[in-house]
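Visitor: File follows, final-v1.tsv with TSV, C-alpha atoms:
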```tsv
chain	number	residue	atom	x	y	z
A	14	MET	CA	183.39	100.60	129.58
A	15	LYS	CA	185.04	101.00	126.19
A	16	ARG	CA	183.15	102.67	123.39
A	17	SER	CA	183.22	101.10	119.95
A	18	ALA	CA	185.26	102.90	117.33
A	19	GLY	CA	183.41	105.68	115.56
A	20	TRP	CA	180.64	106.05	118.19
A	21	PRO	CA	179.96	109.67	119.28
A	22	SER	CA	181.52	110.47	122.63
A	23	SER	CA	178.43	112.30	123.93
A	24	PRO	CA	174.68	112.66	123.28
A	25	LEU	CA	175.28	116.28	122.25
A	26	LEU	CA	177.77	115.28	119.59
A	27	PHE	CA	175.34	112.66	118.32
A	28	LEU	CA	172.61	115.30	117.96
A	29	VAL	CA	174.99	117.62	116.11
A	30	LEU	CA	175.95	114.90	113.67
A	31	ALA	CA	172.32	113.96	113.11
A	32	LEU	CA	171.45	117.60	112.46
A	33	LEU	CA	174.29	117.96	109.97
A	34	ALA	CA	173.15	114.83	108.15
A	35	THR	CA	169.59	116.16	107.96
A	36	LEU	CA	170.79	119.51	106.64
A	37	ALA	CA	172.93	117.79	104.02
A	38	ALA	CA	169.98	115.73	102.87
A	39	CYS	CA	167.77	118.81	102.65
A	40	SER	CA	170.46	120.66	100.75
A	41	SER	CA	170.73	117.78	98.29
A	42	ILE	CA	166.98	117.83	97.69
A	43	GLU	CA	166.92	121.59	97.26
A	44	SER	CA	169.80	121.45	94.75
A	45	ASP	CA	167.82	119.10	92.47
A	46	PRO	CA	164.95	121.07	90.94
A	47	THR	CA	163.32	117.83	89.78
A	48	ALA	CA	163.11	116.36	93.27
A	49	LYS	CA	159.37	117.01	93.60
A	50	TRP	CA	158.41	116.36	90.00
A	51	ASP	CA	155.93	113.59	89.32
A	52	ALA	CA	156.33	111.00	86.56
A	53	ASP	CA	154.25	112.98	84.07
A	54	ARG	CA	156.39	116.07	84.38
A	55	LEU	CA	159.66	114.16	84.27
A	56	TYR	CA	158.64	112.47	81.05
A	57	ALA	CA	157.29	115.65	79.48
A	58	GLU	CA	160.49	117.55	80.30
A	59	ALA	CA	162.63	114.70	78.98
A	60	LYS	CA	160.70	114.71	75.69
A	61	GLU	CA	161.12	118.46	75.44
A	62	GLU	CA	164.87	118.19	75.88
A	63	MET	CA	165.12	115.43	73.29
A	64	SER	CA	163.01	117.36	70.77
A	65	SER	CA	165.60	120.14	71.08
A	66	GLY	CA	168.48	117.72	70.51
A	67	ASN	CA	169.62	117.83	74.13
A	68	TRP	CA	170.08	114.07	74.27
A	69	LYS	CA	172.21	113.95	77.41
A	70	LYS	CA	169.85	116.14	79.41
A	71	GLY	CA	166.87	114.19	78.19
A	72	ARG	CA	168.55	110.92	79.15
A	73	GLU	CA	169.32	112.21	82.65
A	74	LEU	CA	165.64	112.98	83.17
A	75	LEU	CA	164.62	109.58	81.81
A	76	GLU	CA	167.06	107.87	84.17
A	77	LYS	CA	165.54	109.76	87.11
A	78	LEU	CA	162.09	108.80	85.93
A	79	GLU	CA	162.96	105.12	85.79
A	80	ALA	CA	164.73	105.22	89.16
A	81	ARG	CA	161.87	106.97	90.96
A	82	TYR	CA	158.97	105.21	89.27
A	83	PRO	CA	160.32	101.76	88.28
A	84	PHE	CA	156.85	100.24	88.11
A	85	GLY	CA	155.05	103.22	86.61
A	86	ARG	CA	153.56	103.46	83.14
A	87	TYR	CA	156.58	105.38	81.86
A	88	ALA	CA	159.29	102.99	83.09
A	89	GLN	CA	159.51	100.82	79.97
A	90	GLN	CA	159.21	103.86	77.72
A	91	ALA	CA	162.09	105.50	79.58
A	92	GLN	CA	164.29	102.41	79.14
A	93	MET	CA	163.57	102.38	75.41
A	94	GLU	CA	164.23	106.07	74.90
A	95	ILE	CA	167.45	105.94	76.90
A	96	ALA	CA	168.76	103.55	74.24
A	97	TYR	CA	167.58	105.98	71.55
A	98	THR	CA	169.41	108.95	73.10
A	99	TYR	CA	172.67	106.98	73.09
A	100	TYR	CA	172.09	106.06	69.46
A	101	LYS	CA	171.50	109.69	68.50
A	102	GLU	CA	174.74	110.67	70.21
A	103	GLY	CA	176.66	108.00	68.33
A	104	GLU	CA	177.47	106.12	71.53
A	105	THR	CA	177.24	102.66	69.97
A	106	ALA	CA	178.31	100.52	72.93
A	107	GLN	CA	175.96	102.29	75.36
A	108	ALA	CA	173.07	102.18	72.88
A	109	VAL	CA	173.51	98.44	72.36
A	110	THR	CA	173.77	97.80	76.10
A	111	ALA	CA	170.63	99.85	76.80
A	112	ALA	CA	168.74	98.08	74.00
A	113	GLU	CA	169.77	94.64	75.26
A	114	ARG	CA	168.74	95.60	78.79
A	115	PHE	CA	165.29	96.63	77.56
A	116	LEU	CA	164.87	93.40	75.58
A	117	LYS	CA	165.93	91.32	78.55
A	118	LEU	CA	163.54	93.05	80.94
A	119	ASN	CA	160.65	93.36	78.47
A	120	PRO	CA	160.85	90.50	75.95
A	121	ASN	CA	157.12	90.67	75.18
A	122	ASN	CA	156.81	94.43	74.96
A	123	GLN	CA	154.92	95.67	71.91
A	124	ASN	CA	157.95	97.78	70.96
A	125	ALA	CA	160.51	94.97	71.27
A	126	ASP	CA	160.89	94.79	67.48
A	127	TYR	CA	161.71	98.51	67.34
A	128	VAL	CA	164.35	98.18	70.06
A	129	GLN	CA	165.88	95.21	68.23
A	130	TYR	CA	165.97	97.36	65.09
A	131	LEU	CA	167.56	100.20	67.06
A	132	LYS	CA	170.25	97.80	68.26
A	133	GLY	CA	170.99	96.88	64.66
A	134	LEU	CA	171.13	100.54	63.64
A	135	ALA	CA	173.58	101.35	66.41
A	136	LEU	CA	175.87	98.57	65.23
A	137	PHE	CA	175.37	99.38	61.57
A	138	ASN	CA	176.45	102.97	62.16
A	139	ASP	CA	174.98	104.81	59.18
A	140	ASP	CA	177.89	107.17	58.62
A	141	LEU	CA	180.03	104.13	57.75
A	142	GLY	CA	177.27	102.19	56.09
A	143	ILE	CA	174.94	102.99	53.22
A	144	PHE	CA	175.89	106.67	53.20
A	145	GLY	CA	179.54	106.14	54.04
A	146	ARG	CA	180.74	106.43	50.45
A	147	ALA	CA	179.27	109.92	50.16
A	148	PHE	CA	181.81	111.00	52.76
A	149	GLY	CA	184.68	109.07	51.26
A	150	ARG	CA	184.65	106.32	53.87
A	151	ASP	CA	184.33	102.77	52.60
A	152	PRO	CA	183.14	100.35	55.31
A	153	THR	CA	184.65	97.40	53.44
A	154	TYR	CA	188.09	98.60	54.49
A	155	ARG	CA	187.20	98.59	58.18
A	156	ASP	CA	187.09	95.83	60.77
A	157	PRO	CA	184.14	93.62	59.71
A	158	LYS	CA	183.30	92.65	63.31
A	159	ALA	CA	180.70	95.41	63.73
A	160	MET	CA	179.17	94.61	60.33
A	161	ARG	CA	178.74	90.96	61.35
A	162	GLU	CA	177.17	91.99	64.65
A	163	ALA	CA	174.80	94.35	62.85
A	164	PHE	CA	173.85	91.59	60.42
A	165	ASP	CA	173.08	89.26	63.34
A	166	ALA	CA	170.94	91.92	65.02
A	167	PHE	CA	168.87	92.55	61.89
A	168	LYS	CA	168.60	88.81	61.24
A	169	GLU	CA	167.24	88.25	64.75
A	170	LEU	CA	164.59	90.89	64.12
A	171	VAL	CA	163.52	89.30	60.82
A	172	VAL	CA	163.38	85.84	62.38
A	173	ARG	CA	161.61	86.79	65.60
A	174	TYR	CA	159.33	89.49	64.18
A	175	PRO	CA	158.73	88.60	60.50
A	176	ASN	CA	155.65	90.82	60.34
A	177	SER	CA	157.32	93.83	61.93
A	178	ARG	CA	157.20	97.13	60.06
A	179	TYR	CA	160.99	97.17	60.48
A	180	ALA	CA	161.52	93.76	58.83
A	181	PRO	CA	161.77	95.01	55.20
A	182	GLU	CA	164.34	97.66	56.09
A	183	SER	CA	166.26	95.14	58.17
A	184	THR	CA	166.32	92.74	55.22
A	185	ALA	CA	167.64	95.50	52.95
A	186	ARG	CA	170.40	96.30	55.40
A	187	MET	CA	171.27	92.62	55.71
A	188	ASN	CA	171.68	92.41	51.95
A	189	TYR	CA	173.93	95.45	51.98
A	190	LEU	CA	175.99	94.01	54.81
A	191	VAL	CA	176.44	90.68	53.00
A	192	ASN	CA	177.85	92.54	50.00
A	193	ALA	CA	180.04	94.71	52.20
A	194	LEU	CA	181.39	91.71	54.10
A	195	ALA	CA	182.14	89.89	50.84
A	196	GLN	CA	183.97	92.93	49.50
A	197	SER	CA	185.90	93.21	52.77
A	198	GLU	CA	187.09	89.63	52.30
A	199	VAL	CA	188.10	90.35	48.71
A	200	ASN	CA	189.98	93.46	49.78
A	201	VAL	CA	192.12	91.23	51.99
A	202	ALA	CA	192.58	88.75	49.13
A	203	ARG	CA	193.72	91.59	46.85
A	204	TYR	CA	196.18	92.73	49.52
A	205	TYR	CA	197.72	89.26	49.63
A	206	LEU	CA	197.84	89.07	45.81
A	207	GLN	CA	199.69	92.38	45.58
A	208	ARG	CA	202.28	91.10	48.03
A	209	GLY	CA	202.82	87.76	46.35
A	210	ALA	CA	201.04	85.72	49.01
A	211	TYR	CA	199.14	83.77	46.36
A	212	VAL	CA	197.93	80.85	48.48
A	213	ALA	CA	196.47	83.23	51.06
A	214	ALA	CA	194.86	85.27	48.27
A	215	ILE	CA	193.21	82.13	46.88
A	216	GLN	CA	191.95	81.08	50.31
A	217	ARG	CA	190.39	84.45	51.08
A	218	SER	CA	188.81	84.63	47.62
A	219	GLN	CA	187.32	81.16	48.06
A	220	ALA	CA	185.95	82.17	51.45
A	221	ALA	CA	184.25	85.23	49.94
A	222	ILE	CA	182.60	83.13	47.22
A	223	ARG	CA	181.60	80.33	49.60
A	224	GLU	CA	180.28	82.41	52.50
A	225	TYR	CA	178.60	85.23	50.56
A	226	VAL	CA	176.99	83.44	47.62
A	227	GLY	CA	175.99	85.74	44.80
A	228	ALA	CA	177.66	88.85	46.20
A	229	PRO	CA	179.00	91.23	43.52
A	230	ALA	CA	182.47	90.87	44.99
A	231	SER	CA	182.56	87.26	43.73
A	232	GLU	CA	183.57	88.55	40.29
A	233	GLU	CA	186.79	90.09	41.58
A	234	ALA	CA	187.37	87.10	43.87
A	235	LEU	CA	187.41	84.80	40.84
A	236	SER	CA	189.80	87.10	39.01
A	237	ILE	CA	192.17	87.10	41.98
A	238	MET	CA	192.11	83.32	41.97
A	239	VAL	CA	192.90	83.25	38.23
A	240	ARG	CA	195.89	85.55	38.69
A	241	SER	CA	197.09	83.67	41.74
A	242	TYR	CA	196.92	80.29	40.03
A	243	ARG	CA	198.77	81.77	37.04
A	244	ALA	CA	201.51	83.09	39.31
A	245	LEU	CA	201.80	79.69	40.98
A	246	GLY	CA	202.03	77.93	37.62
A	247	MET	CA	198.84	75.97	38.32
A	248	ASP	CA	197.49	76.19	34.78
A	249	GLY	CA	194.72	73.63	35.16
A	250	LEU	CA	193.12	75.39	38.12
A	251	ARG	CA	193.67	78.74	36.43
A	252	ASP	CA	191.77	77.61	33.32
A	253	ASP	CA	188.95	76.07	35.36
A	254	THR	CA	188.50	79.25	37.40
A	255	GLU	CA	188.64	81.42	34.30
A	256	ARG	CA	185.82	79.38	32.75
A	257	VAL	CA	183.71	79.91	35.88
A	258	LEU	CA	184.42	83.64	35.67
A	259	LEU	CA	183.46	83.69	31.99
A	260	ASN	CA	180.23	81.72	32.53
A	261	ASN	CA	179.05	83.90	35.40
A	262	TYR	CA	180.37	87.26	34.25
A	263	PRO	CA	180.74	87.09	30.43
A	264	ASN	CA	181.31	90.84	30.19
A	265	SER	CA	183.71	91.06	33.10
A	266	ALA	CA	186.47	93.63	32.77
A	267	TYR	CA	188.74	91.12	34.49
A	268	LEU	CA	188.62	88.90	31.39
A	269	LYS	CA	190.34	91.56	29.32
A	270	PRO	CA	194.15	91.38	29.13
A	271	PRO	CA	195.70	93.95	31.50
A	272	LYS	CA	197.17	96.99	29.74
```
Could you take the file, read its structure, and then write that structure out as structure tokens?
Guide:
Amino acid sequence: MKRSAGWPSSPLLFLVLALLATLAACSSIESDPTAKWDADRLYAEAKEEMSSGNWKKGRELLEKLEARYPFGRYAQQAQMEIAYTYYKEGETAQAVTAAERFLKLNPNNQNADYVQYLKGLALFNDDLGIFGRAFGRDPTYRDPKAMREAFDAFKELVVRYPNSRYAPESTARMNYLVNALAQSEVNVARYYLQRGAYVAAIQRSQAAIREYVGAPASEEALSIMVRSYRALGMDGLRDDTERVLLNNYPNSAYLKPPK
């Protein structure tokens, strides 16, 4: 009778293999000092690591906690704090993914507004946002995709949780992002103007004014349109745009003749 491939050739060999497997499993358990920890200790140790700034180690303990006690009282807390550890490490993609996972699994959790806010923060990326200028980095010269995604995340929080404690701060960040996005558009328009692409400069300036109504960057956008129309010999449109600039920004430096 033929034996199937991979089947031990004797009972003794089978016992040896079983013993080796058991020893390997025991060795694996012994090598993990957390193997016998309960949920309370896992969470307490994770919090201790995070309070010391050991975000990776804290996250590893939280992941073990969630895996071993998926229906325990700490499971949702672990999911939320895993997202936070990624945020603190500057791992934007992982933080967003972890936040979205929490929101999908726990849409009615009492901390859902906080996790939505955390998602927005991860996308906003403070070192390139409100405090970016202090370090000489202007977010308006970067790819606006992340800024738009951050705006959408904060907007979702304000819409879904209007009474959240995080709603006012989210609104403030949305206002900042609108201005930054408008300035980003104007930066592109200025680039086209400097290179003689006047039609493109006009189009991007119009988009900034139309899409980001009232943004400070609208003043420069109008001035770019005036200069572009002048370069194209479109005097009527130039005069009309200059009147709009004068009416809205009567003290604009762009109204003064260039030196």
Visitor: Which residues come within 8 Å of Ala91 (chain A), counting all atoms listed in the file, excluding same-chain residues fewer than 6 positions away, as a list in words?
Guide: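 Near Ala91 (chain A), the qualifying residues are Tyr56, Leu75, Glu76, Leu78 and Glu79 of chain A.
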Visitor: Neighbours of region 134-139 of chain A within 12 Å (all atoms listed in the file; same-chain residues fewer than 5 positions away dropped), as a ChimeraX atom specification?
Guide: /A:96-113,127-129,144-148,150-152,157-167,170,179,182-183,186-187,189-190,193
Visitor: Go ahead and write the selection's residues with C-alpha atoms as a compact mmCIF listing (two decimals), keeping the file's coordinate frame.
Guide:
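For reference, selection-v9.txt as written:
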```txt
# COMPACT_ATOMS: atom_id res chain seq x y z
CA ALA A 96 168.76 103.55 74.24
CA TYR A 97 167.58 105.98 71.55
CA THR A 98 169.41 108.95 73.10
CA TYR A 99 172.67 106.98 73.09
CA TYR A 100 172.09 106.06 69.46
CA LYS A 101 171.50 109.69 68.50
CA GLU A 102 174.74 110.67 70.21
CA GLY A 103 176.66 108.00 68.33
CA GLU A 104 177.47 106.12 71.53
CA THR A 105 177.24 102.66 69.97
CA ALA A 106 178.31 100.52 72.93
CA GLN A 107 175.96 102.29 75.36
CA ALA A 108 173.07 102.18 72.88
CA VAL A 109 173.51 98.44 72.36
CA THR A 110 173.77 97.80 76.10
CA ALA A 111 170.63 99.85 76.80
CA ALA A 112 168.74 98.08 74.00
CA GLU A 113 169.77 94.64 75.26
CA TYR A 127 161.71 98.51 67.34
CA VAL A 128 164.35 98.18 70.06
CA GLN A 129 165.88 95.21 68.23
CA PHE A 144 175.89 106.67 53.20
CA GLY A 145 179.54 106.14 54.04
CA ARG A 146 180.74 106.43 50.45
CA ALA A 147 179.27 109.92 50.16
CA PHE A 148 181.81 111.00 52.76
CA ARG A 150 184.65 106.32 53.87
CA ASP A 151 184.33 102.77 52.60
CA PRO A 152 183.14 100.35 55.31
CA PRO A 157 184.14 93.62 59.71
CA LYS A 158 183.30 92.65 63.31
CA ALA A 159 180.70 95.41 63.73
CA MET A 160 179.17 94.61 60.33
CA ARG A 161 178.74 90.96 61.35
CA GLU A 162 177.17 91.99 64.65
CA ALA A 163 174.80 94.35 62.85
CA PHE A 164 173.85 91.59 60.42
CA ASP A 165 173.08 89.26 63.34
CA ALA A 166 170.94 91.92 65.02
CA PHE A 167 168.87 92.55 61.89
CA LEU A 170 164.59 90.89 64.12
CA TYR A 179 160.99 97.17 60.48
CA GLU A 182 164.34 97.66 56.09
CA SER A 183 166.26 95.14 58.17
CA ARG A 186 170.40 96.30 55.40
CA MET A 187 171.27 92.62 55.71
CA TYR A 189 173.93 95.45 51.98
CA LEU A 190 175.99 94.01 54.81
CA ALA A 193 180.04 94.71 52.20
```
Visitor: CA of Ala195 (chain A) and CA of Tyr262 (chain A) are how many Å apart?
Guide: 16.9 Å
Visitor: As an exercise, work out the distance from CA of Val212 (chain A) to CA of Val226 (chain A) in Å and give it to one decimal place.
Guide: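 CA of Val226 (chain A) lies 21.1 Å from CA of Val212 (chain A).
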